[in-house]
$ cat coords_15.pdb   # PDB, C-alpha atoms
ATOM      1  CA  MET A 151      32.435  53.615-276.687
ATOM      2  CA  ALA A 152      35.776  52.459-275.318
ATOM      3  CA  VAL A 153      35.662  49.087-273.624
ATOM      4  CA  PRO A 154      38.509  47.997-271.307
ATOM      5  CA  SER A 155      40.177  44.768-272.195
ATOM      6  CA  ARG A 156      39.782  41.618-270.093
ATOM      7  CA  GLY A 157      43.296  42.143-268.742
ATOM      8  CA  ALA A 158      42.466  45.676-267.656
ATOM      9  CA  LEU A 159      39.389  44.409-265.819
ATOM     10  CA  VAL A 160      41.476  41.864-263.942
ATOM     11  CA  VAL A 161      44.014  44.517-262.936
ATOM     12  CA  LEU A 162      41.237  46.920-261.909
ATOM     13  CA  ALA A 163      39.535  44.221-259.803
ATOM     14  CA  ALA A 164      42.835  43.353-258.125
ATOM     15  CA  CYS A 165      43.488  46.999-257.269
ATOM     16  CA  LEU A 166      40.001  47.458-255.809
ATOM     17  CA  ALA A 167      40.377  44.295-253.730
ATOM     18  CA  SER A 168      43.755  45.467-252.452
ATOM     19  CA  LEU A 169      42.369  48.847-251.450
ATOM     20  CA  ALA A 170      39.395  47.215-249.701
ATOM     21  CA  THR A 171      41.684  44.868-247.774
ATOM     22  CA  ALA A 172      43.963  47.728-246.717
ATOM     23  CA  ALA A 173      41.008  49.833-245.589
ATOM     24  CA  SER A 174      39.568  46.905-243.640
ATOM     25  CA  ALA A 175      42.911  46.193-241.952
ATOM     26  CA  SER A 176      43.339  49.858-241.091
ATOM     27  CA  ALA A 177      39.865  50.054-239.554
ATOM     28  CA  ALA A 178      40.402  46.877-237.550
ATOM     29  CA  ALA A 179      43.850  47.761-236.210
ATOM     30  CA  PRO A 180      43.627  48.441-232.442
ATOM     31  CA  ALA A 181      45.112  51.622-231.026
ATOM     32  CA  ALA A 182      47.071  49.677-228.397
ATOM     33  CA  SER A 183      50.284  47.831-229.259
ATOM     34  CA  GLY A 184      50.449  45.658-226.122
ATOM     35  CA  THR A 185      48.313  43.957-223.501
ATOM     36  CA  VAL A 186      50.217  44.852-220.290
ATOM     37  CA  TYR A 187      50.639  48.523-219.359
ATOM     38  CA  GLY A 188      52.392  49.636-216.181
ATOM     39  CA  GLY A 189      52.955  53.139-214.912
ATOM     40  CA  TYR A 190      52.307  55.560-212.103
ATOM     41  CA  THR A 191      50.032  58.345-210.900
ATOM     42  CA  ALA A 192      50.810  61.883-209.787
ATOM     43  CA  GLN A 193      51.177  60.415-206.273
ATOM     44  CA  ASP A 194      54.013  58.179-207.560
ATOM     45  CA  ALA A 195      51.813  55.166-206.874
ATOM     46  CA  PRO A 196      51.647  52.191-209.264
ATOM     47  CA  LEU A 197      48.930  51.987-211.895
ATOM     48  CA  VAL A 198      48.273  48.919-214.046
ATOM     49  CA  VAL A 199      45.993  48.412-217.043
ATOM     50  CA  THR A 200      45.834  45.086-218.861
ATOM     51  CA  LEU A 201      43.944  44.451-222.104
ATOM     52  CA  ASP A 202      42.422  41.375-223.689
ATOM     53  CA  ARG A 203      44.032  39.668-226.693
ATOM     54  CA  THR A 204      42.205  41.888-229.177
ATOM     55  CA  ARG A 205      43.616  44.978-227.439
ATOM     56  CA  THR A 206      40.192  46.611-227.704
ATOM     57  CA  GLN A 207      38.884  45.811-224.203
ATOM     58  CA  ILE A 208      40.295  46.522-220.753
ATOM     59  CA  ARG A 209      40.717  43.341-218.715
ATOM     60  CA  THR A 210      41.966  44.698-215.362
ATOM     61  CA  VAL A 211      42.638  48.051-213.694
ATOM     62  CA  GLY A 212      44.982  48.333-210.702
ATOM     63  CA  ILE A 213      45.050  51.588-208.741
ATOM     64  CA  HIS A 214      46.298  53.004-205.438
ATOM     65  CA  VAL A 215      45.045  56.365-204.113
ATOM     66  CA  ALA A 216      45.621  58.241-200.851
ATOM     67  CA  SER A 217      43.750  61.184-199.341
ATOM     68  CA  ALA A 218      45.170  64.073-197.342
ATOM     69  CA  ASP A 219      43.359  62.849-194.213
ATOM     70  CA  GLY A 220      44.909  59.382-194.269
ATOM     71  CA  TYR A 221      42.461  57.217-196.198
ATOM     72  CA  THR A 222      43.909  54.900-198.823
ATOM     73  CA  PHE A 223      42.504  52.472-201.345
ATOM     74  CA  GLY A 224      44.431  50.014-203.454
ATOM     75  CA  ASP A 225      43.138  47.080-205.442
ATOM     76  CA  THR A 226      42.838  45.543-208.900
ATOM     77  CA  GLY A 227      39.423  45.502-210.521
ATOM     78  CA  ARG A 228      38.406  42.936-213.111
ATOM     79  CA  ALA A 229      36.215  43.653-216.105
ATOM     80  CA  VAL A 230      32.619  42.420-216.124
ATOM     81  CA  ALA A 231      30.047  42.784-218.858
ATOM     82  CA  VAL A 232      27.252  43.576-216.400
ATOM     83  CA  LYS A 233      27.494  44.999-212.892
ATOM     84  CA  PRO A 234      26.350  42.370-210.351
ATOM     85  CA  PRO A 235      23.140  43.168-208.431
ATOM     86  CA  VAL A 236      24.868  42.584-205.073
ATOM     87  CA  MET A 237      28.433  43.517-204.157
ATOM     88  CA  ARG A 238      30.318  41.540-201.509
ATOM     89  CA  VAL A 239      33.223  42.721-199.375
ATOM     90  CA  GLY A 240      36.364  42.298-201.440
ATOM     91  CA  ASP A 241      34.625  42.675-204.803
ATOM     92  CA  ASP A 242      36.206  45.098-207.284
ATOM     93  CA  ILE A 243      34.651  45.270-210.730
ATOM     94  CA  VAL A 244      35.198  47.417-213.809
ATOM     95  CA  THR A 245      32.606  48.211-216.478
ATOM     96  CA  ASN A 246      32.580  50.303-219.658
ATOM     97  CA  THR A 247      35.863  48.716-220.699
ATOM     98  CA  ARG A 248      35.692  49.253-224.456
ATOM     99  CA  ILE A 249      38.599  51.098-226.102
ATOM    100  CA  SER A 250      37.449  53.103-229.116
ATOM    101  CA  SER A 251      39.134  53.003-232.513
ATOM    102  CA  THR A 252      40.807  56.304-231.590
ATOM    103  CA  GLY A 253      42.189  54.780-228.381
ATOM    104  CA  ALA A 254      39.902  56.634-225.975
ATOM    105  CA  PHE A 255      38.311  54.942-222.963
ATOM    106  CA  LYS A 256      36.450  55.784-219.744
ATOM    107  CA  ALA A 257      36.389  52.731-217.491
ATOM    108  CA  ALA A 258      34.213  52.772-214.368
ATOM    109  CA  GLY A 259      35.197  50.826-211.258
ATOM    110  CA  GLN A 260      33.410  49.956-208.042
ATOM    111  CA  ALA A 261      34.719  48.133-204.974
ATOM    112  CA  LEU A 262      33.380  47.163-201.551
ATOM    113  CA  THR A 263      35.969  47.075-198.799
ATOM    114  CA  GLY A 264      36.379  47.386-195.040
ATOM    115  CA  TYR A 265      37.967  50.131-192.935
ATOM    116  CA  GLY A 266      38.848  50.125-189.243
ATOM    117  CA  GLY A 267      37.233  52.288-186.603
ATOM    118  CA  GLY A 268      33.676  53.499-186.790
ATOM    119  CA  PRO A 269      31.273  54.752-184.079
ATOM    120  CA  SER A 270      30.088  51.244-183.231
ATOM    121  CA  GLY A 271      33.638  49.894-182.986
ATOM    122  CA  SER A 272      32.865  47.202-185.548
ATOM    123  CA  GLY A 273      34.640  48.912-188.427
ATOM    124  CA  LEU A 274      33.243  50.661-191.450
ATOM    125  CA  LEU A 275      32.176  49.523-194.883
ATOM    126  CA  GLY A 276      33.555  51.518-197.767
ATOM    127  CA  VAL A 277      32.129  51.749-201.270
ATOM    128  CA  VAL A 278      34.805  53.036-203.620
ATOM    129  CA  THR A 279      33.815  54.308-207.045
ATOM    130  CA  TYR A 280      36.464  55.351-209.530
ATOM    131  CA  THR A 281      36.761  56.442-213.133
ATOM    132  CA  LEU A 282      39.867  55.838-215.218
ATOM    133  CA  THR A 283      39.727  58.117-218.235
ATOM    134  CA  GLY A 284      42.453  57.936-220.823
ATOM    135  CA  LYS A 285      43.732  57.354-224.307
ATOM    136  CA  VAL A 286      46.119  54.776-225.655
ATOM    137  CA  LYS A 287      48.342  55.272-228.686
ATOM    138  CA  GLY A 288      50.596  52.353-229.422
ATOM    139  CA  ALA A 289      52.852  51.655-226.436
ATOM    140  CA  LEU A 290      51.729  54.663-224.371
ATOM    141  CA  MET A 291      48.532  55.419-222.497
ATOM    142  CA  GLN A 292      47.734  58.310-220.199
ATOM    143  CA  GLY A 293      44.806  60.105-218.635
ATOM    144  CA  THR A 294      43.173  60.988-215.309
ATOM    145  CA  LEU A 295      41.928  59.013-212.320
ATOM    146  CA  LYS A 296      39.038  60.111-210.106
ATOM    147  CA  ALA A 297      37.958  58.194-206.998
ATOM    148  CA  ARG A 298      35.445  58.614-204.177
ATOM    149  CA  LEU A 299      34.906  56.667-200.964
ATOM    150  CA  ALA A 300      31.523  56.458-199.185
ATOM    151  CA  LEU A 301      31.690  55.080-195.627
ATOM    152  CA  THR A 302      28.863  53.345-193.760
ATOM    153  CA  ASP A 303      28.590  51.946-190.241
ATOM    154  CA  PRO A 304      27.434  48.339-190.828
ATOM    155  CA  ALA A 305      25.956  48.102-187.316
ATOM    156  CA  THR A 306      23.465  50.899-187.952
ATOM    157  CA  GLY A 307      23.435  51.224-191.732
ATOM    158  CA  ARG A 308      24.021  54.941-191.373
ATOM    159  CA  PRO A 309      26.432  56.911-193.573
ATOM    160  CA  SER A 310      29.652  57.773-191.774
ATOM    161  CA  GLY A 311      31.269  60.204-194.180
ATOM    162  CA  THR A 312      32.657  60.526-197.679
ATOM    163  CA  VAL A 313      36.172  61.009-198.998
ATOM    164  CA  THR A 314      36.837  62.494-202.421
ATOM    165  CA  PHE A 315      40.360  61.692-203.553
ATOM    166  CA  ARG A 316      42.004  64.404-205.611
ATOM    167  CA  THR A 317      42.007  63.936-209.370
ATOM    168  CA  LEU A 318      45.286  62.360-210.447
ATOM    169  CA  SER A 319      47.037  62.372-213.796
ATOM    170  CA  TRP A 320      48.671  59.074-214.773
ATOM    171  CA  VAL A 321      50.816  57.535-217.478
ATOM    172  CA  ALA A 322      51.591  53.914-218.374
ATOM    173  CA  SER A 323      53.536  52.125-221.067
ATOM    174  CA  SER A 324      53.845  48.701-222.655
ATOM    175  CA  ARG A 325      57.439  47.713-223.347
ATOM    176  CA  PRO A 326      58.137  43.988-223.760
ATOM    177  CA  GLY A 327      60.908  42.850-221.434
ATOM    178  CA  ARG A 328      61.222  46.305-219.873
ATOM    179  CA  VAL A 329      57.901  47.057-218.148
ATOM    180  CA  PHE A 330      56.336  44.354-215.969
ATOM    181  CA  ALA A 331      52.986  44.879-214.263
ATOM    182  CA  GLY A 332      50.847  42.744-211.977
ATOM    183  CA  THR A 333      49.593  42.436-208.404
ATOM    184  CA  THR A 334      50.669  41.787-204.841
ATOM    185  CA  LYS A 335      49.114  38.979-202.791
ATOM    186  CA  ALA A 336      46.721  41.653-201.496
ATOM    187  CA  ASN A 337      45.639  42.305-205.108
ATOM    188  CA  GLU A 338      47.220  45.769-205.191
ATOM    189  CA  PRO A 339      49.039  46.910-208.357
ATOM    190  CA  VAL A 340      52.785  46.464-208.755
ATOM    191  CA  VAL A 341      55.000  47.828-211.556
ATOM    192  CA  ILE A 342      58.618  46.981-212.379
ATOM    193  CA  GLU A 343      60.523  49.097-214.906
ATOM    194  CA  LEU A 344      63.976  48.092-216.168
ATOM    195  CA  ASN A 345      66.581  50.205-217.957
ATOM    196  CA  ALA A 346      67.449  49.739-221.634
ATOM    197  CA  THR A 347      69.931  46.917-220.943
ATOM    198  CA  GLY A 348      67.652  45.103-218.507
ATOM    199  CA  HIS A 349      70.395  45.037-215.853
ATOM    200  CA  VAL A 350      68.964  47.740-213.588
ATOM    201  CA  CYS A 351      65.506  48.000-212.081
ATOM    202  CA  LYS A 352      64.866  51.719-212.490
ATOM    203  CA  PHE A 353      61.634  51.556-210.487
ATOM    204  CA  LEU A 354      59.753  49.070-208.369
ATOM    205  CA  ARG A 355      56.448  50.591-207.345
ATOM    206  CA  VAL A 356      54.617  48.450-204.791
ATOM    207  CA  PRO A 357      52.131  49.326-202.015
ATOM    208  CA  TRP A 358      52.390  47.819-198.554
ATOM    209  CA  SER A 359      50.481  48.019-195.285
ATOM    210  CA  ALA A 360      51.689  47.127-191.800
ATOM    211  CA  SER A 361      49.463  46.571-188.790
ATOM    212  CA  GLY A 362      50.141  47.104-185.092
ATOM    213  CA  ALA A 363      48.309  47.591-181.814
ATOM    214  CA  ALA A 364      48.250  51.365-182.320
ATOM    215  CA  GLY A 365      46.916  51.294-185.897
ATOM    216  CA  ASP A 366      48.196  50.783-189.425
ATOM    217  CA  TRP A 367      50.707  52.109-191.903
ATOM    218  CA  ALA A 368      49.805  52.101-195.611
ATOM    219  CA  ILE A 369      52.250  53.409-198.211
ATOM    220  CA  ALA A 370      52.752  53.089-201.954
ATOM    221  CA  GLU A 371      56.523  52.670-202.079
ATOM    222  CA  ALA A 372      58.804  53.507-205.015
ATOM    223  CA  PHE A 373      62.228  51.824-204.902
ATOM    224  CA  ARG A 374      64.790  53.096-207.412
ATOM    225  CA  ASN A 375      67.936  52.044-209.282
ATOM    226  CA  MET A 376      68.488  48.472-208.111
ATOM    227  CA  THR A 377      71.183  46.525-209.940
ATOM    228  CA  LEU A 378      70.127  43.005-210.950
ATOM    229  CA  THR A 379      72.608  40.139-210.823
ATOM    230  CA  GLY A 380      71.513  37.315-213.067
ATOM    231  CA  GLY A 381      68.056  38.886-213.067
ATOM    232  CA  ALA A 382      67.859  38.818-209.247
ATOM    233  CA  TYR A 383      67.999  41.387-206.449
ATOM    234  CA  ALA A 384      67.994  40.962-202.669
ATOM    235  CA  ARG A 385      68.624  43.476-199.913
ATOM    236  CA  VAL A 386      67.889  44.028-196.207
ATOM    237  CA  TRP A 387      68.233  47.587-194.896
ATOM    238  CA  SER A 388      66.955  50.135-192.382
ATOM    239  CA  SER A 389      65.780  53.731-192.959
ATOM    240  CA  PRO A 390      65.187  56.029-189.941
ATOM    241  CA  PHE A 391      63.030  59.137-190.412
ATOM    242  CA  PRO A 392      63.198  61.868-187.732
ATOM    243  CA  ARG A 393      59.837  63.339-186.687
ATOM    244  CA  SER A 394      59.047  66.964-185.907
ATOM    245  CA  ASP A 395      58.404  66.039-182.233
ATOM    246  CA  GLY A 396      61.911  64.657-181.851
ATOM    247  CA  GLY A 397      60.893  61.038-182.217
ATOM    248  CA  VAL A 398      61.981  58.674-184.961
ATOM    249  CA  ASN A 399      60.100  56.265-187.227
ATOM    250  CA  THR A 400      62.375  53.464-188.412
ATOM    251  CA  PHE A 401      61.502  51.375-191.456
ATOM    252  CA  ASP A 402      63.198  47.987-191.782
ATOM    253  CA  TYR A 403      62.964  46.518-195.285
ATOM    254  CA  ASN A 404      63.521  43.020-196.627
ATOM    255  CA  LEU A 405      63.177  42.945-200.410
ATOM    256  CA  SER A 406      63.891  40.204-202.922
ATOM    257  CA  MET A 407      63.033  40.098-206.614
ATOM    258  CA  ARG A 408      63.674  38.038-209.723
ATOM    259  CA  VAL A 409      63.012  39.231-213.275
ATOM    260  CA  GLY A 410      62.863  36.859-216.227
ATOM    261  CA  ALA A 411      62.178  37.301-219.922
ATOM    262  CA  THR A 412      58.379  37.404-219.604
ATOM    263  CA  LYS A 413      57.598  37.311-215.861
ATOM    264  CA  ALA A 414      58.828  38.771-212.592
ATOM    265  CA  SER A 415      58.176  37.953-208.952
ATOM    266  CA  GLY A 416      59.373  38.920-205.516
ATOM    267  CA  SER A 417      58.614  39.567-201.871
ATOM    268  CA  LEU A 418      58.672  42.640-199.649
ATOM    269  CA  GLN A 419      58.431  42.828-195.866
ATOM    270  CA  VAL A 420      58.396  46.089-193.923
ATOM    271  CA  LYS A 421      58.620  46.528-190.153
ATOM    272  CA  VAL A 422      58.025  49.943-188.613
ATOM    273  CA  THR A 423      59.185  51.035-185.155
ATOM    274  CA  GLU A 424      57.965  54.324-183.684
ATOM    275  CA  THR A 425      60.282  55.727-181.005
ATOM    276  CA  SER A 426      59.671  58.801-178.853
ATOM    277  CA  ALA A 427      62.179  61.614-178.314
ATOM    278  CA  ALA A 428      63.004  60.002-174.956
ATOM    279  CA  GLY A 429      63.826  56.703-176.655
ATOM    280  CA  ALA A 430      60.681  54.821-175.637
ATOM    281  CA  ILE A 431      59.084  52.525-178.207
ATOM    282  CA  GLU A 432      55.601  53.836-178.954
ATOM    283  CA  GLY A 433      54.508  51.257-181.508
ATOM    284  CA  THR A 434      55.647  48.433-183.764
ATOM    285  CA  TYR A 435      54.092  47.325-187.049
ATOM    286  CA  ASP A 436      54.763  44.433-189.408
ATOM    287  CA  SER A 437      53.538  43.976-192.964
ATOM    288  CA  GLY A 438      54.490  40.326-193.059
ATOM    289  CA  PRO A 439      55.904  38.977-196.357
ATOM    290  CA  ILE A 440      54.104  40.542-199.325
ATOM    291  CA  ALA A 441      54.541  38.384-202.408
ATOM    292  CA  PHE A 442      54.088  39.989-205.819
ATOM    293  CA  SER A 443      54.145  38.844-209.428
ATOM    294  CA  ALA A 444      54.097  40.643-212.766
ATOM    295  CA  ALA A 445      54.204  40.016-216.510
ATOM    296  CA  THR A 446      55.248  41.926-219.605
ATOM    297  CA  SER A 447      53.621  42.319-223.022
ATOM    298  CA  ALA A 448      54.546  39.758-225.662
ATOM    299  CA  LYS A 449      57.245  40.909-228.086
ATOM    300  CA  THR A 450      55.129  39.728-230.994
ATOM    301  CA  ALA A 451      52.363  42.220-230.216
ATOM    302  CA  THR A 452      52.023  44.871-232.916
TER     303      THR A 452
END

$ encode --input "coords_15.pdb" --output "structure tokens"
Amino acid sequence: MAVPSRGALVVLAACLASLATAASASAAAPAASGTVYGGYTAQDAPLVVTLDRTRTQIRTVGIHVASADGYTFGDTGRAVAVKPPVMRVGDDIVTNTRISSTGAFKAAGQALTGYGGGPSGSGLLGVVTYTLTGKVKGALMQGTLKARLALTDPATGRPSGTVTFRTLSWVASSRPGRVFAGTTKANEPVVIELNATGHVCKFLRVPWSASGAAGDWAIAEAFRNMTLTGGAYARVWSSPFPRSDGGVNTFDYNLSMRVGATKASGSLQVKVTETSAAGAIEGTYDSGPIAFSAATSAKTAT
């Protein structure tokens, strides 16, 4: 019977150990290459997903959706291990946040928020449920977003209607120093995407809402191709939009932004003036200053 020499045994043991280590490392490697992913939905609205340090759990989900009949919802949900027994107005939580070894996930969100109007005149309570289904592979993740809004009159406790937002496709990426993602002061998602040189902001996607005596405006805005000077941008401008009835809606913008190596911040204010065909002012709306901040994935992430 042939017996391997002591040296052969040592070499064999070393090879087996090396293979075991490689297999273990391969199994443990997360599918995601970063922790901050910013992108957009089929409605050109911002979408943000951030991961924990292990890149195997979702930490936050920021979405903005709009229905054909004028309802909108935008917020950033934070991961919880267990859904709380009681939801309070302003709560937005996300469960089922695990990302599989193949990169697949199906996060479930729930938020409690308020809406104006209602039969009692006291406003409505809205329970928003949403599902973010997707898959991440390295620096890219994509999938679908489904959301539903159930309205209740808090004065009577009676249901006041439901809104099913259309299913939206979405895509997001993690590019250190090029894609920054975060929130506005209203906790809505914001995404900043720079060009390859970092000197041009290709996209700033940020939602805003403006209130007035006649109601509210709520829009997920997408600003494009803004040249940065020393990492900064500032501009004040006006955009009139003619209406089919002959009137004009004028949007006055005041935008400032600064982008650094790892973080970005800025402020947006929008004033809307509705003018009739005869030149009479029908309504004015003001968002007030909307501060926003964002971060990018670390360059050391692999």

$ resolve_selection --input "coords_15.pdb" --expression "the PyMOL selection byres ((chain A and resi 244) around 9)" --output "VMD selection string"
chain A and resid 208 to 211 227 to 231 233 242 to 243 245 to 247 257 to 261

$ resolve_selection --input "coords_15.pdb" --expression "the PyMOL selection byres ((chain A and resi 300) around 9)" --output "NGL selection string"
:A and (275-279 or 298-299 or 301-302 or 309-314)

$ closest_residue --input "coords_15.pdb" --among "A:Ser394, A:Ser324, A:Gln419, A:Ser389" --to "Ala289 (chain A)" --atoms "only C-alpha atoms"
A:Ser324

$ atom_distance --input "coords_15.pdb" --atom1 "CA of Ala441 (chain A)" --atom2 "CA of Leu274 (chain A)"
26.9 Å

$ atom_distance --input "coords_15.pdb" --atom1 "CA of Thr446 (chain A)" --atom2 "CA of Ser417 (chain A)"
18.2 Å
